[in-house]
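Below: final19.csv (CSV, C-alpha atoms and all ligand atoms)
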```csv
chain,number,residue,atom,x,y,z
A,1,MET,CA,21.3,-5.5,227.4
A,2,SER,CA,22.5,-8.1,224.9
A,3,VAL,CA,24.7,-7.1,222.0
A,4,CYS,CA,23.9,-8.3,218.5
A,5,PHE,CA,25.6,-8.1,215.1
A,6,LEU,CA,23.6,-6.9,212.0
A,7,ASN,CA,25.2,-6.3,208.6
A,8,GLY,CA,28.6,-5.4,209.8
A,9,GLU,CA,27.8,-3.6,213.0
A,10,PHE,CA,27.7,-4.6,216.6
A,11,GLY,CA,25.1,-2.8,218.8
A,12,PRO,CA,22.3,-3.3,221.3
A,13,LEU,CA,19.8,-5.9,220.2
A,14,ALA,CA,16.9,-3.5,221.0
A,15,ASP,CA,18.2,-1.0,218.5
A,16,ALA,CA,18.7,-3.4,215.6
A,17,ARG,CA,16.5,-2.7,212.5
A,18,ILE,CA,15.9,-4.6,209.3
A,19,SER,CA,13.8,-3.6,206.3
A,20,PRO,CA,10.3,-5.0,205.9
A,21,LEU,CA,11.4,-6.0,202.4
A,22,ASP,CA,13.9,-8.4,203.9
A,23,ARG,CA,13.2,-11.8,202.4
A,24,GLY,CA,13.8,-13.4,205.8
A,25,PHE,CA,10.8,-11.4,207.1
A,26,LEU,CA,8.6,-11.8,203.9
A,27,PHE,CA,9.3,-15.4,203.0
A,28,GLY,CA,11.4,-17.1,205.7
A,29,ASP,CA,14.0,-17.1,203.0
A,30,GLY,CA,17.1,-17.8,205.1
A,31,ALA,CA,19.2,-20.2,207.1
A,32,TYR,CA,20.2,-20.2,210.7
A,33,GLU,CA,22.1,-22.0,213.5
A,34,VAL,CA,22.0,-22.1,217.2
A,35,ILE,CA,25.4,-22.7,218.8
A,36,PRO,CA,25.8,-23.4,222.5
A,37,VAL,CA,28.7,-21.8,224.2
A,38,TYR,CA,30.2,-23.2,227.4
A,39,SER,CA,32.7,-21.2,229.4
A,40,ARG,CA,32.9,-18.9,226.4
A,41,ARG,CA,33.9,-21.7,224.0
A,42,PRO,CA,31.5,-22.4,221.2
A,43,PHE,CA,30.5,-26.1,221.1
A,44,ARG,CA,31.2,-27.9,217.8
A,45,LEU,CA,31.5,-24.6,215.9
A,46,GLU,CA,33.0,-26.3,212.8
A,47,GLN,CA,30.1,-28.7,212.5
A,48,HIS,CA,27.5,-25.9,213.0
A,49,LEU,CA,29.2,-23.8,210.3
A,50,GLN,CA,29.4,-26.8,208.0
A,51,ARG,CA,25.6,-27.4,208.4
A,52,LEU,CA,25.0,-23.7,207.7
A,53,ALA,CA,27.1,-24.0,204.6
A,54,ASN,CA,25.1,-27.1,203.5
A,55,THR,CA,21.8,-25.3,204.0
A,56,LEU,CA,23.0,-22.1,202.2
A,57,GLU,CA,24.2,-24.2,199.2
A,58,ALA,CA,20.9,-26.1,199.0
A,59,ILE,CA,18.9,-22.9,199.1
A,60,ARG,CA,21.2,-21.3,196.5
A,61,LEU,CA,22.3,-18.5,198.8
A,62,PRO,CA,26.0,-17.7,198.5
A,63,ASN,CA,27.7,-18.1,201.8
A,64,PRO,CA,28.7,-14.5,202.7
A,65,HIS,CA,31.6,-15.5,205.0
A,66,ALA,CA,34.4,-18.0,205.1
A,67,PRO,CA,34.5,-20.3,208.2
A,68,SER,CA,37.3,-18.2,209.8
A,69,GLU,CA,35.2,-15.0,209.4
A,70,TRP,CA,32.2,-16.7,210.9
A,71,ALA,CA,34.3,-18.0,213.8
A,72,ALA,CA,35.6,-14.4,214.4
A,73,MET,CA,32.1,-13.0,214.4
A,74,VAL,CA,30.9,-15.7,216.8
A,75,GLY,CA,33.9,-15.1,219.1
A,76,GLU,CA,33.2,-11.3,219.1
A,77,ILE,CA,29.5,-11.8,220.0
A,78,VAL,CA,30.4,-14.1,222.8
A,79,ALA,CA,33.1,-11.7,224.1
A,80,ARG,CA,30.6,-8.7,224.0
A,81,ASN,CA,27.9,-10.4,225.9
A,82,PRO,CA,28.0,-10.9,229.7
A,83,TRP,CA,27.4,-14.7,230.2
A,84,ASP,CA,30.0,-17.4,230.3
A,85,ASP,CA,27.5,-19.9,229.0
A,86,GLN,CA,25.5,-18.6,226.0
A,87,SER,CA,23.4,-19.7,223.1
A,88,VAL,CA,24.5,-17.9,219.9
A,89,TYR,CA,21.8,-17.5,217.2
A,90,LEU,CA,23.1,-16.8,213.7
A,91,GLN,CA,21.0,-16.1,210.7
A,92,VAL,CA,21.6,-15.3,207.0
A,93,SER,CA,18.7,-14.2,204.9
A,94,ARG,CA,18.6,-13.5,201.1
A,95,GLY,CA,18.4,-9.7,201.8
A,96,CYS,CA,16.0,-7.3,200.2
A,97,GLY,CA,14.5,-7.1,196.7
A,98,GLU,CA,13.1,-3.8,195.4
A,99,ARG,CA,9.6,-5.2,195.8
A,100,ARG,CA,8.0,-8.3,197.1
A,101,ASN,CA,8.6,-11.1,194.5
A,102,HIS,CA,9.0,-14.8,195.1
A,103,ALA,CA,11.8,-15.2,192.6
A,104,PHE,CA,15.3,-14.2,193.8
A,105,PRO,CA,16.3,-10.5,193.3
A,106,MET,CA,19.1,-10.1,190.6
A,107,LEU,CA,21.4,-8.2,193.0
A,108,THR,CA,21.1,-8.5,196.7
A,109,ARG,CA,23.2,-8.5,199.7
A,110,ALA,CA,22.5,-11.2,202.3
A,111,THR,CA,21.4,-10.0,205.7
A,112,VAL,CA,23.7,-11.4,208.4
A,113,PHE,CA,22.5,-11.3,211.9
A,114,LEU,CA,23.9,-12.8,215.2
A,115,MET,CA,22.6,-12.5,218.7
A,116,SER,CA,23.3,-14.2,221.9
A,117,ASP,CA,21.4,-15.1,225.1
A,118,GLU,CA,22.2,-16.7,228.4
A,119,LEU,CA,22.2,-20.5,227.9
A,120,VAL,CA,19.1,-21.7,229.6
A,121,THR,CA,19.8,-25.1,231.2
A,122,VAL,CA,17.2,-27.9,231.6
A,123,PRO,CA,15.6,-27.6,235.0
A,124,ALA,CA,16.7,-30.2,237.6
A,125,VAL,CA,13.1,-31.4,238.0
A,126,GLN,CA,13.0,-32.3,234.2
A,127,LEU,CA,16.3,-34.1,234.4
A,128,GLU,CA,15.1,-36.0,237.4
A,129,ASN,CA,11.6,-36.9,236.1
A,130,GLY,CA,11.9,-36.6,232.3
A,131,VAL,CA,9.3,-34.7,230.3
A,132,SER,CA,6.0,-35.4,228.6
A,133,ALA,CA,5.5,-35.4,224.8
A,134,VAL,CA,2.6,-35.7,222.4
A,135,SER,CA,2.8,-37.1,218.9
A,136,ALA,CA,1.6,-35.7,215.6
A,137,ALA,CA,1.8,-36.4,211.9
A,138,ASP,CA,4.9,-34.8,210.4
A,139,PHE,CA,3.3,-32.4,207.9
A,140,ARG,CA,6.5,-30.4,207.1
A,141,TRP,CA,8.0,-30.1,203.7
A,142,LEU,CA,10.5,-32.7,202.3
A,143,ARG,CA,13.7,-30.8,203.1
A,144,CYS,CA,13.7,-31.0,206.8
A,145,ASP,CA,17.5,-31.6,206.6
A,146,LEU,CA,17.9,-27.9,205.9
A,147,LYS,CA,18.0,-25.5,208.8
A,148,SER,CA,15.7,-22.9,207.2
A,149,THR,CA,14.3,-20.0,209.0
A,150,ALA,CA,10.9,-21.0,207.5
A,151,LEU,CA,9.7,-22.7,210.7
A,152,LEU,CA,5.9,-22.2,210.7
A,153,ALA,CA,5.3,-26.0,210.6
A,154,ASN,CA,7.7,-26.5,213.5
A,155,CYS,CA,6.1,-23.7,215.4
A,156,LEU,CA,2.6,-25.2,215.0
A,157,LEU,CA,3.9,-28.6,216.0
A,158,ARG,CA,5.7,-27.3,219.0
A,159,GLN,CA,2.7,-25.3,220.1
A,160,LEU,CA,0.7,-28.5,220.1
A,161,ALA,CA,3.0,-29.8,222.8
A,162,VAL,CA,2.5,-26.6,224.8
A,163,ASP,CA,-1.3,-26.8,224.4
A,164,HIS,CA,-1.1,-30.2,226.0
A,165,GLY,CA,1.3,-29.1,228.8
A,166,CYS,CA,4.1,-31.1,227.2
A,167,ALA,CA,7.7,-30.3,226.3
A,168,GLU,CA,7.9,-31.7,222.8
A,169,THR,CA,6.0,-33.2,219.9
A,170,VAL,CA,7.3,-36.4,218.5
A,171,LEU,CA,6.7,-36.6,214.7
A,172,PHE,CA,5.8,-39.6,212.6
A,173,ARG,CA,5.6,-39.7,208.8
A,174,ASP,CA,4.1,-42.7,207.0
A,175,GLY,CA,4.4,-44.9,210.1
A,176,PHE,CA,8.0,-44.0,210.8
A,177,LEU,CA,9.7,-41.8,213.4
A,178,THR,CA,11.3,-38.7,211.9
A,179,GLU,CA,12.3,-36.3,214.8
A,180,GLY,CA,10.8,-33.8,217.3
A,181,SER,CA,9.5,-30.4,216.5
A,182,ALA,CA,12.8,-28.9,217.7
A,183,SER,CA,14.9,-31.9,218.6
A,184,ASN,CA,16.1,-35.3,217.3
A,185,ILE,CA,14.6,-38.4,218.9
A,186,VAL,CA,16.2,-41.7,219.8
A,187,ILE,CA,14.8,-44.8,221.5
A,188,VAL,CA,16.1,-47.7,223.5
A,189,GLN,CA,14.8,-51.2,222.8
A,190,ASP,CA,16.2,-54.3,224.6
A,191,GLY,CA,19.1,-52.1,225.9
A,192,VAL,CA,20.1,-51.0,222.4
A,193,MET,CA,20.0,-47.3,221.5
A,194,ILE,CA,18.4,-46.8,218.1
A,195,ALA,CA,18.6,-43.6,216.1
A,196,PRO,CA,16.8,-42.9,212.8
A,197,PRO,CA,19.2,-42.5,209.8
A,198,LYS,CA,19.9,-39.0,208.5
A,199,SER,CA,17.7,-38.2,205.4
A,200,HIS,CA,15.9,-35.3,203.9
A,201,LEU,CA,13.2,-35.9,206.5
A,202,MET,CA,15.1,-34.8,209.6
A,203,LEU,CA,17.6,-32.2,210.7
A,204,PRO,CA,21.1,-33.7,211.1
A,205,GLY,CA,21.5,-32.7,214.7
A,206,VAL,CA,25.0,-31.8,216.1
A,207,THR,CA,23.9,-33.4,219.4
A,208,TYR,CA,22.6,-36.5,217.5
A,209,ASP,CA,26.2,-36.9,216.2
A,210,VAL,CA,27.7,-36.4,219.6
A,211,VAL,CA,25.3,-39.0,221.1
A,212,LEU,CA,26.2,-41.6,218.4
A,213,GLU,CA,30.0,-40.9,218.9
A,214,LEU,CA,29.6,-41.3,222.7
A,215,ALA,CA,27.7,-44.6,222.2
A,216,ALA,CA,30.6,-45.9,219.9
A,217,ARG,CA,33.3,-44.6,222.2
A,218,HIS,CA,31.8,-46.3,225.3
A,219,GLY,CA,30.7,-49.5,223.7
A,220,LEU,CA,27.0,-48.9,224.1
A,221,PRO,CA,25.1,-51.2,221.7
A,222,HIS,CA,23.5,-49.0,219.1
A,223,GLU,CA,21.9,-49.1,215.7
A,224,VAL,CA,21.1,-46.5,213.1
A,225,ARG,CA,18.0,-47.6,211.2
A,226,GLU,CA,14.4,-46.6,210.4
A,227,ILE,CA,12.2,-46.8,213.4
A,228,LEU,CA,8.5,-47.8,213.2
A,229,GLU,CA,5.9,-45.7,215.1
A,230,ASP,CA,4.9,-48.9,216.9
A,231,GLU,CA,8.5,-49.4,218.1
A,232,VAL,CA,8.5,-45.9,219.5
A,233,ARG,CA,5.3,-46.5,221.4
A,234,ALA,CA,6.7,-49.8,222.8
A,235,ALA,CA,10.2,-48.5,223.5
A,236,GLU,CA,11.9,-48.9,226.9
A,237,GLU,CA,13.2,-45.4,226.7
A,238,ILE,CA,12.7,-42.3,224.4
A,239,TRP,CA,15.0,-39.3,224.5
A,240,MET,CA,15.1,-36.0,222.8
A,241,THR,CA,18.5,-34.5,221.8
A,242,SER,CA,19.3,-30.9,220.9
A,243,SER,CA,22.0,-28.3,221.5
A,244,THR,CA,20.0,-26.7,224.3
A,245,LYS,CA,18.2,-29.7,225.8
A,246,GLU,CA,21.3,-31.9,225.4
A,247,VAL,CA,20.0,-35.4,226.3
A,248,LEU,CA,16.5,-35.3,227.9
A,249,ALA,CA,14.3,-38.4,228.6
A,250,ILE,CA,10.7,-38.4,227.4
A,251,THR,CA,8.9,-40.4,230.1
A,252,THR,CA,5.3,-39.9,228.9
A,253,LEU,CA,4.1,-40.1,225.3
A,254,ASP,CA,0.5,-39.3,224.5
A,255,ASP,CA,-0.4,-39.7,228.2
A,256,ARG,CA,1.1,-43.2,228.4
A,257,ALA,CA,4.2,-44.0,230.4
A,258,VAL,CA,7.4,-44.8,228.5
A,259,GLY,CA,8.9,-47.9,230.2
A,260,ASN,CA,8.2,-47.5,233.9
A,261,GLY,CA,7.6,-43.7,233.5
A,262,ARG,CA,11.0,-42.7,234.8
A,263,PRO,CA,14.2,-41.8,232.9
A,264,GLY,CA,15.8,-45.1,232.0
A,265,PRO,CA,19.3,-46.3,232.8
A,266,VAL,CA,20.6,-45.8,229.3
A,267,SER,CA,19.5,-42.2,229.1
A,268,ARG,CA,21.0,-41.5,232.5
A,269,GLN,CA,24.3,-43.1,231.3
A,270,MET,CA,24.3,-41.0,228.1
A,271,TYR,CA,23.5,-37.9,230.0
A,272,THR,CA,26.5,-38.5,232.3
A,273,TRP,CA,28.8,-39.2,229.3
A,274,TYR,CA,27.6,-36.0,227.6
A,275,GLN,CA,28.3,-33.9,230.7
A,276,GLU,CA,31.8,-35.5,231.0
A,277,PHE,CA,32.4,-34.8,227.4
A,278,LYS,CA,31.4,-31.2,227.8
A,279,THR,CA,33.6,-30.8,230.9
A,280,THR,CA,36.7,-32.3,229.4
A,281,VAL,CA,36.4,-31.0,225.8
A,282,MET,CA,34.7,-27.7,226.4
A,283,ARG,CA,35.6,-26.4,229.8
A,284,GLY,CA,39.1,-27.8,229.7
A,285,GLY,CA,38.4,-29.5,233.1
B,1,LIG,N1,15.6,-31.2,214.8
B,1,LIG,C1,15.0,-30.0,214.8
B,1,LIG,C2,13.8,-29.8,214.0
B,1,LIG,C3,15.6,-28.9,215.5
B,1,LIG,O1,15.1,-27.7,215.4
B,1,LIG,C4,16.8,-29.1,216.2
B,1,LIG,C5,17.5,-28.0,216.9
B,1,LIG,N2,16.8,-27.3,217.9
B,1,LIG,C6,17.3,-30.4,216.2
B,1,LIG,C7,16.7,-31.5,215.5
B,1,LIG,C8,18.6,-30.8,217.0
B,1,LIG,O2,19.7,-30.2,216.4
B,1,LIG,P1,21.0,-29.8,217.2
B,1,LIG,O3,21.4,-31.1,218.0
B,1,LIG,O4,22.0,-29.5,216.2
B,1,LIG,O5,20.6,-28.7,218.1
```

As structure tokens, please, write out the structure in this file.
Ligand code: PMP
Amino acid sequence: MSVCFLNGEFGPLADARISPLDRGFLFGDGAYEVIPVYSRRPFRLEQHLQRLANTLEAIRLPNPHAPSEWAAMVGEIVARNPWDDQSVYLQVSRGCGERRNHAFPMLTRATVFLMSDELVTVPAVQLENGVSAVSAADFRWLRCDLKSTALLANCLLRQLAVDHGCAETVLFRDGFLTEGSASNIVIVQDGVMIAPPKSHLMLPGVTYDVVLELAARHGLPHEVREILEDEVRAAEEIWMTSSTKEVLAITTLDDRAVGNGRPGPVSRQMYTWYQEFKTTVMRGG
């Protein structure tokens, strides 16, 4: 039974209760983070907490905790759950009003919720063969940089992939790549790794940052610039990056092979660097 934290108390997840008036439930009025934990050490916790702070500020929800308090709560959740490798989910909603009303309540206490689960790693067969993706028009709002709990559009777009037996939906807006329904996307063209620039149209991924840092550290040619849909469709390699998928090659897009239909050499190299980085930085190996 996994242990969660809700409004000041730790307890079994199955026993946790919130009010139906909670604005997170009624409006998706909240912010969240998913933090991978390796060997009981949270990965890039500071960056996740900074992104949470950025989202909370943008949605005008006062951050209920200082970074040191958040770190203590995350540490406690990790300690109280049984797995060495976990994925910690953390959510803050704008709490409850007295009745349902779109405008913010005058006085409210944020609802703070943390839970954790065993970190599910990418199956070996997916690492070996890559995964398939479909594409779709990015019909989300214009603040995709915020990690808001209002994820209906992302859910619909992700389900589209599932409906097609695929792992991810690659999103295009006005002829340009934005990201995936639950990941960032980078491509390789002529051996150069190309990542779209951070903007309001994509989530600034923690893994995206790590991948760019690793490219710089190891001297992999790379660019950060807007990527045309046509460039994605003609790319040698396409990868998705996220905290839970890490670096995962997309080898089929809309039923057409990407490159030769196998994970390319650059994605394999980046995957290796990422694993090394985790081992040295995270596991203290
Ligand atoms: N974009 C979206 C829409 C996401 O939901 C996620 C996280 N699942 C990412 C990008 C990747 O972010 P991170 O590397 O911080 O997990």

Please report, as CSV, each residue of chain A lying at most 10 Å from ligand LIG 1 (chain B), together with the nearest pair of atoms and the separation in Å rounded to one decimal; use all atoms listed in the file, and order rows by chain and ascending residue number.
```
residue,atom,partner,partner_atom,distance
A:Glu33,CA,B:LIG1,O4,8.0
A:Val34,CA,B:LIG1,O5,6.8
A:Ile35,CA,B:LIG1,O5,7.7
A:Pro36,CA,B:LIG1,O5,8.6
A:Arg44,CA,B:LIG1,O4,9.5
A:Gln47,CA,B:LIG1,O4,8.9
A:His48,CA,B:LIG1,O4,7.3
A:Arg51,CA,B:LIG1,O4,8.8
A:Cys144,CA,B:LIG1,C2,7.3
A:Asp145,CA,B:LIG1,N1,8.4
A:Leu146,CA,B:LIG1,C2,9.3
A:Lys147,CA,B:LIG1,O1,7.5
A:Ser148,CA,B:LIG1,O1,9.5
A:Leu151,CA,B:LIG1,O1,8.7
A:Ala153,CA,B:LIG1,C2,9.9
A:Asn154,CA,B:LIG1,C2,7.0
A:Cys155,CA,B:LIG1,O1,9.8
A:Arg158,CA,B:LIG1,C2,9.8
A:Leu171,CA,B:LIG1,C2,9.9
A:Thr178,CA,B:LIG1,N1,9.1
A:Glu179,CA,B:LIG1,N1,6.1
A:Gly180,CA,B:LIG1,C2,6.0
A:Ser181,CA,B:LIG1,C2,5.0
A:Ala182,CA,B:LIG1,O1,3.5
A:Ser183,CA,B:LIG1,C7,3.6
A:Asn184,CA,B:LIG1,C7,4.2
A:Ile185,CA,B:LIG1,C7,8.0
A:Leu201,CA,B:LIG1,C2,9.7
A:Met202,CA,B:LIG1,N1,6.3
A:Leu203,CA,B:LIG1,N1,4.7
A:Pro204,CA,B:LIG1,O2,6.5
A:Gly205,CA,B:LIG1,O2,3.5
A:Val206,CA,B:LIG1,O4,3.8
A:Thr207,CA,B:LIG1,O3,3.7
A:Tyr208,CA,B:LIG1,O3,5.6
A:Asp209,CA,B:LIG1,O3,7.7
A:Val210,CA,B:LIG1,O3,8.4
A:Val211,CA,B:LIG1,O3,9.3
A:Met240,CA,B:LIG1,C8,8.5
A:Thr241,CA,B:LIG1,O3,5.9
A:Ser242,CA,B:LIG1,O3,3.6
A:Ser243,CA,B:LIG1,O5,3.7
A:Thr244,CA,B:LIG1,O5,6.5
A:Lys245,CA,B:LIG1,O5,8.1
A:Glu246,CA,B:LIG1,O3,7.4
A:Val247,CA,B:LIG1,O3,9.5
```

Selection near region 82-86 of chain A, 9 Å with all atoms listed in the file, sequence-local residues under 5 positions removed, as a short mmCIF file (atom, residue, chain, number, x, y, z; two decimals) with C-alpha atoms, keeping the file's coordinate frame:
```cif
data_model
loop_
_atom_site.label_atom_id
_atom_site.label_comp_id
_atom_site.auth_asym_id
_atom_site.auth_seq_id
_atom_site.Cartn_x
_atom_site.Cartn_y
_atom_site.Cartn_z
CA MET A 1 21.30 -5.50 227.40
CA SER A 2 22.50 -8.10 224.90
CA ILE A 35 25.40 -22.70 218.80
CA PRO A 36 25.80 -23.40 222.50
CA VAL A 37 28.70 -21.80 224.20
CA TYR A 38 30.20 -23.20 227.40
CA SER A 39 32.70 -21.20 229.40
CA ARG A 40 32.90 -18.90 226.40
CA ARG A 41 33.90 -21.70 224.00
CA PRO A 42 31.50 -22.40 221.20
CA SER A 116 23.30 -14.20 221.90
CA ASP A 117 21.40 -15.10 225.10
CA GLU A 118 22.20 -16.70 228.40
CA LEU A 119 22.20 -20.50 227.90
CA VAL A 120 19.10 -21.70 229.60
#
```

So, counting all atoms listed in the file, which residue among A:Phe139, A:Leu156, A:Val192, A:Arg99 is closest to Arg173 (chain A)?
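The closest residue to Arg173 (chain A) is A:Phe139.
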
Find the distance between CA of Val170 (chain A) and CA of Phe277 (chain A) and write it in Å to one decimal.
26.7 Å

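For the pair CA of Ser132 (chain A) and CA of Glu168 (chain A), the interatomic distance is 7.1 Å.
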
Tell me which of A:Ala249, A:Ile187, A:Ala79, A:Ala137 sits closest to Gly261 (chain A), counting all atoms listed in the file.
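Smallest separation from Gly261 (chain A) among the options: A:Ala249.
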
Restricting the calculation to all atoms listed in the file, which member of A:Met282, A:Ala136, A:Val131, A:Cys4 is positioned closest to Ile250 (chain A)?
A:Val131

May I have the residues within 9 Å of Leu228 (chain A) as an NGL selection string, using all atoms listed in the file and disregarding those fewer than 6 positions away in the same chain?
:A and (172 or 175-177)

CA of Thr121 (chain A) and CA of Glu46 (chain A) are how many Å apart?
22.7 Å

From the list A:Val266, A:Asp230, A:Gly130, A:Glu213, which residue is nearest Asp190 (chain A) when using all atoms listed in the file?
A:Val266

Counting all atoms listed in the file, what is within 12 Å of Gly11 (chain A), bar same-chain residues fewer than 6 positions away, as number ranges by chain?
A: 1-5, 17, 76-77, 80-81, 113-116

Can you tell me which residues surround Arg100 (chain A) at a distance of at most 10 Å, considering all atoms listed in the file, apart from same-chain residues fewer than 6 positions away, and format the answer as a PyMOL selection string?
chain A and resi 20-23+26-27

Considering all atoms listed in the file, return as a VMD selection string whatever protein or nucleic-acid residues lie within 7 Å of Thr108 (chain A), sequence-local ones (same chain, fewer than 4 positions apart) excluded.
chain A and resid 95 to 97

Tyr32 (chain A) proximity check over A:Thr251, A:Asn63, A:Thr169, A:Ser135, using all atoms listed in the file: winner is A:Asn63
